[in-house]
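Quick notes on the structure that follows.
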Amino acid sequence: MNTEKKWADLSWEEKREERFKRWLAPNVTFSSPEAEKLYKERVTRFIKAIKLEEPDRVPVILPAGNIPAYLAGGNLKTAMYDYDMLRRAWLKFLDEFEMDTFIGPGLVFPGKVLEIIDFKLEKWPGHGLADHIESYQFIENEYVKAEEYDKLIKDPSDFWLRTFMPRAMGACKAFEKLPQLTAFIGLPVFYLAYFADPEIQAAYKKLMEAGVETMKWMQVVNDVSQKSLEAGLPSFWGSMSGAPFDMIGDMLRGTRGIMMDMFQRPDKLQEAMERLVPIAIDEAVAGANTSGCPIVVMPLHKGTGGFMSNKQYEEFYWPTFKDILLGLINEGLVPMPFAEGNYEPRLEIIRDMPRSSMIWWFEHMDMARAKEVLGDTACIAGNVPVTALCTGTPHDVKERCRRLIEICAPGGGYILTGGATMDRGNPDNLRAVMEAAKEFGVYK
């Protein structure tokens, strides 16, 4: 890229073009000329869809969740604890399925790491859940008290270190004893004395142990990702972010807590969300700069229809979320919110964005309505029902895909994928998704 000054002078469209060029030409040695050719075709297919243009055919994000582990004879638990099995399963899936993009095993979290840090926010197979369960279970709670908003707003990093981490990770409980780091600017000697505390030393040793274990897991994830690139399959997960309302409501205050805050301390909630906006933008940009992929995946939770009214959505959820979206777009990135639940009530609100600047991936949605409202503004993706993927026949899945393509594909701006991902079931249902795109999704 150009120098920082020149980069800052570019329009968001020009910045995005620079990022698209990098996405099209990764620093990788392809396994064959054919793999390189297919890679460029696949990335070009997605770029045209993002720009609301018609590519050669409808692009596909194969809705495969943890099913590679299942198809390799294992399950989520074995993949979380056996990194060799994790590698074998995802490489086997890579060899056996046709797809436009490859979602690697990066969301199969390392179980041993979670145990070392004594992670409090989730249960997983073999740790609070039965071994055969194919998902995680979030443990919602008010991990942060209402009166602690000021601490978060004043210094988010200090808040994370001394308040949230000790509650989220049992291994970090002793960090509550640490003083604020900035209290010793210019004279660190007194601060260093705290590291003589045996409990604080033990906490750091646990984090070091967890770091070593995490590197073992990351080497496998990176190896699989590298092999997928070499085979001609682009990544569609360049970075990750979300909405400030969810960041606070999911992990810190919990659903009950943040709902009460909307009524009892709305100004403080707004101030905290605004404080998180530049942090979220910087983190997402850094991740995309490292990966080379401009897509920013953004899982959304509490903005779904039924949780709050449109008036409340426009007051509490949308403003800071929109600020993050615009911040990412201004850096040439492509936000891709995954709108969990029913987002149909929000369609008229969320269309207020620059044309062809982002992708909306819907779970439950009247896709004809989404095409009608957003079709001239944003690329849309979704929403083959996970029930059909997991329990239907390949014919059922193919028919659902055909109807989605007929509704959403005309004029471009559509990506075929599931309303959620598939962890178990008939693998031919995944193949049916690709078959449908190739049979019904070709642009004339």
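Please note that chains go A, B, ... in the order of the structure tokens, that every chain numbers its residues from 1, and that ligands are numbered from 1 in the order shown.
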
Could you give me, as a tab-separated table, a per-residue list for stretch 207-264 of chain A showing, wherever an atom lies at most 9 Å from an atom of stretch 85-107 of chain A, the closest pair of atoms and their distance in Å to one decimal, using only C-alpha atoms and sorting by chain then residue number from low to high?
```
residue	atom	partner	partner_atom	distance
A:Met218	CA	A:Gly106	CA	8.1
A:Val220	CA	A:Arg87	CA	6.1
A:Val221	CA	A:Gly106	CA	6.0
A:Asn222	CA	A:Gly106	CA	8.6
A:Asp223	CA	A:Arg87	CA	8.1
A:Val224	CA	A:Arg87	CA	6.5
A:Ser225	CA	A:Gly104	CA	6.1
A:Lys227	CA	A:Leu91	CA	8.1
A:Ser228	CA	A:Phe102	CA	6.9
A:Leu229	CA	A:Phe102	CA	8.6
A:Ala231	CA	A:Leu94	CA	8.7
A:Gly232	CA	A:Thr101	CA	8.9
A:Leu233	CA	A:Thr101	CA	5.3
A:Pro234	CA	A:Thr101	CA	5.1
A:Ser235	CA	A:Thr101	CA	5.8
A:Phe236	CA	A:Thr101	CA	6.3
A:Trp237	CA	A:Ile103	CA	7.5
```

Export, as an mmCIF file, in the first residue's frame, the selected residues with C-alpha atoms.
```cif
data_model
loop_
_atom_site.group_PDB
_atom_site.id
_atom_site.type_symbol
_atom_site.label_atom_id
_atom_site.label_comp_id
_atom_site.auth_asym_id
_atom_site.auth_seq_id
_atom_site.Cartn_x
_atom_site.Cartn_y
_atom_site.Cartn_z
ATOM 1 C CA MET A 218 -2.641 -21.797 16.111
ATOM 2 C CA VAL A 220 -2.561 -26.225 13.136
ATOM 3 C CA VAL A 221 -5.169 -23.583 12.250
ATOM 4 C CA ASN A 222 -2.612 -21.610 10.246
ATOM 5 C CA ASP A 223 -1.348 -24.741 8.513
ATOM 6 C CA VAL A 224 -4.859 -25.662 7.369
ATOM 7 C CA SER A 225 -5.506 -22.094 6.216
ATOM 8 C CA LYS A 227 -3.048 -25.321 2.527
ATOM 9 C CA SER A 228 -6.495 -24.081 1.574
ATOM 10 C CA LEU A 229 -4.981 -20.972 -0.011
ATOM 11 C CA ALA A 231 -5.344 -25.196 -3.191
ATOM 12 C CA GLY A 232 -7.029 -22.069 -4.569
ATOM 13 C CA LEU A 233 -9.630 -21.412 -1.893
ATOM 14 C CA PRO A 234 -9.794 -17.848 -0.550
ATOM 15 C CA SER A 235 -10.596 -16.956 3.014
ATOM 16 C CA PHE A 236 -13.806 -15.044 3.664
ATOM 17 C CA TRP A 237 -12.955 -14.188 7.249
#
```

Using DSSP on the backbone, list every residue of stretch 163-299 of chain A that comes out as helix (DSSP H, G or I), and give them as a PyMOL selection string. chain A and resi 163-168+170-177+181-184+189-196+198-230+244-252+254-264+266-291

So that I can check the surroundings of stretch 273-288 of chain A, please list as a count of residues only every protein, DNA and RNA residue that reaches within 8 Å of it, counting only C-alpha atoms and ignoring chain neighbours fewer than 4 positions away. 23

Give me the residues of stretch 117-190 of chain A that have any atom at most 12 Å from an atom of stretch 59-81 of chain A; for each, the nearest atom pair and the distance in Å, rounded to one decimal. Use only C-alpha atoms, sort by chain and number, and format it as CSV.
```
residue,atom,partner,partner_atom,distance
A:Lys123,CA,A:Lys77,CA,11.6
A:Trp124,CA,A:Lys77,CA,7.8
A:Pro125,CA,A:Lys77,CA,5.3
A:Gly126,CA,A:Lys77,CA,6.7
A:His127,CA,A:Lys77,CA,9.4
A:Gly128,CA,A:Lys77,CA,11.8
A:Leu129,CA,A:Lys77,CA,9.9
A:Ala130,CA,A:Lys77,CA,9.3
A:Asp131,CA,A:Lys77,CA,6.3
A:His132,CA,A:Asn75,CA,6.9
A:Ile133,CA,A:Leu76,CA,7.4
A:Glu134,CA,A:Leu76,CA,5.4
A:Ser135,CA,A:Leu76,CA,7.2
A:Tyr136,CA,A:Leu76,CA,9.3
```
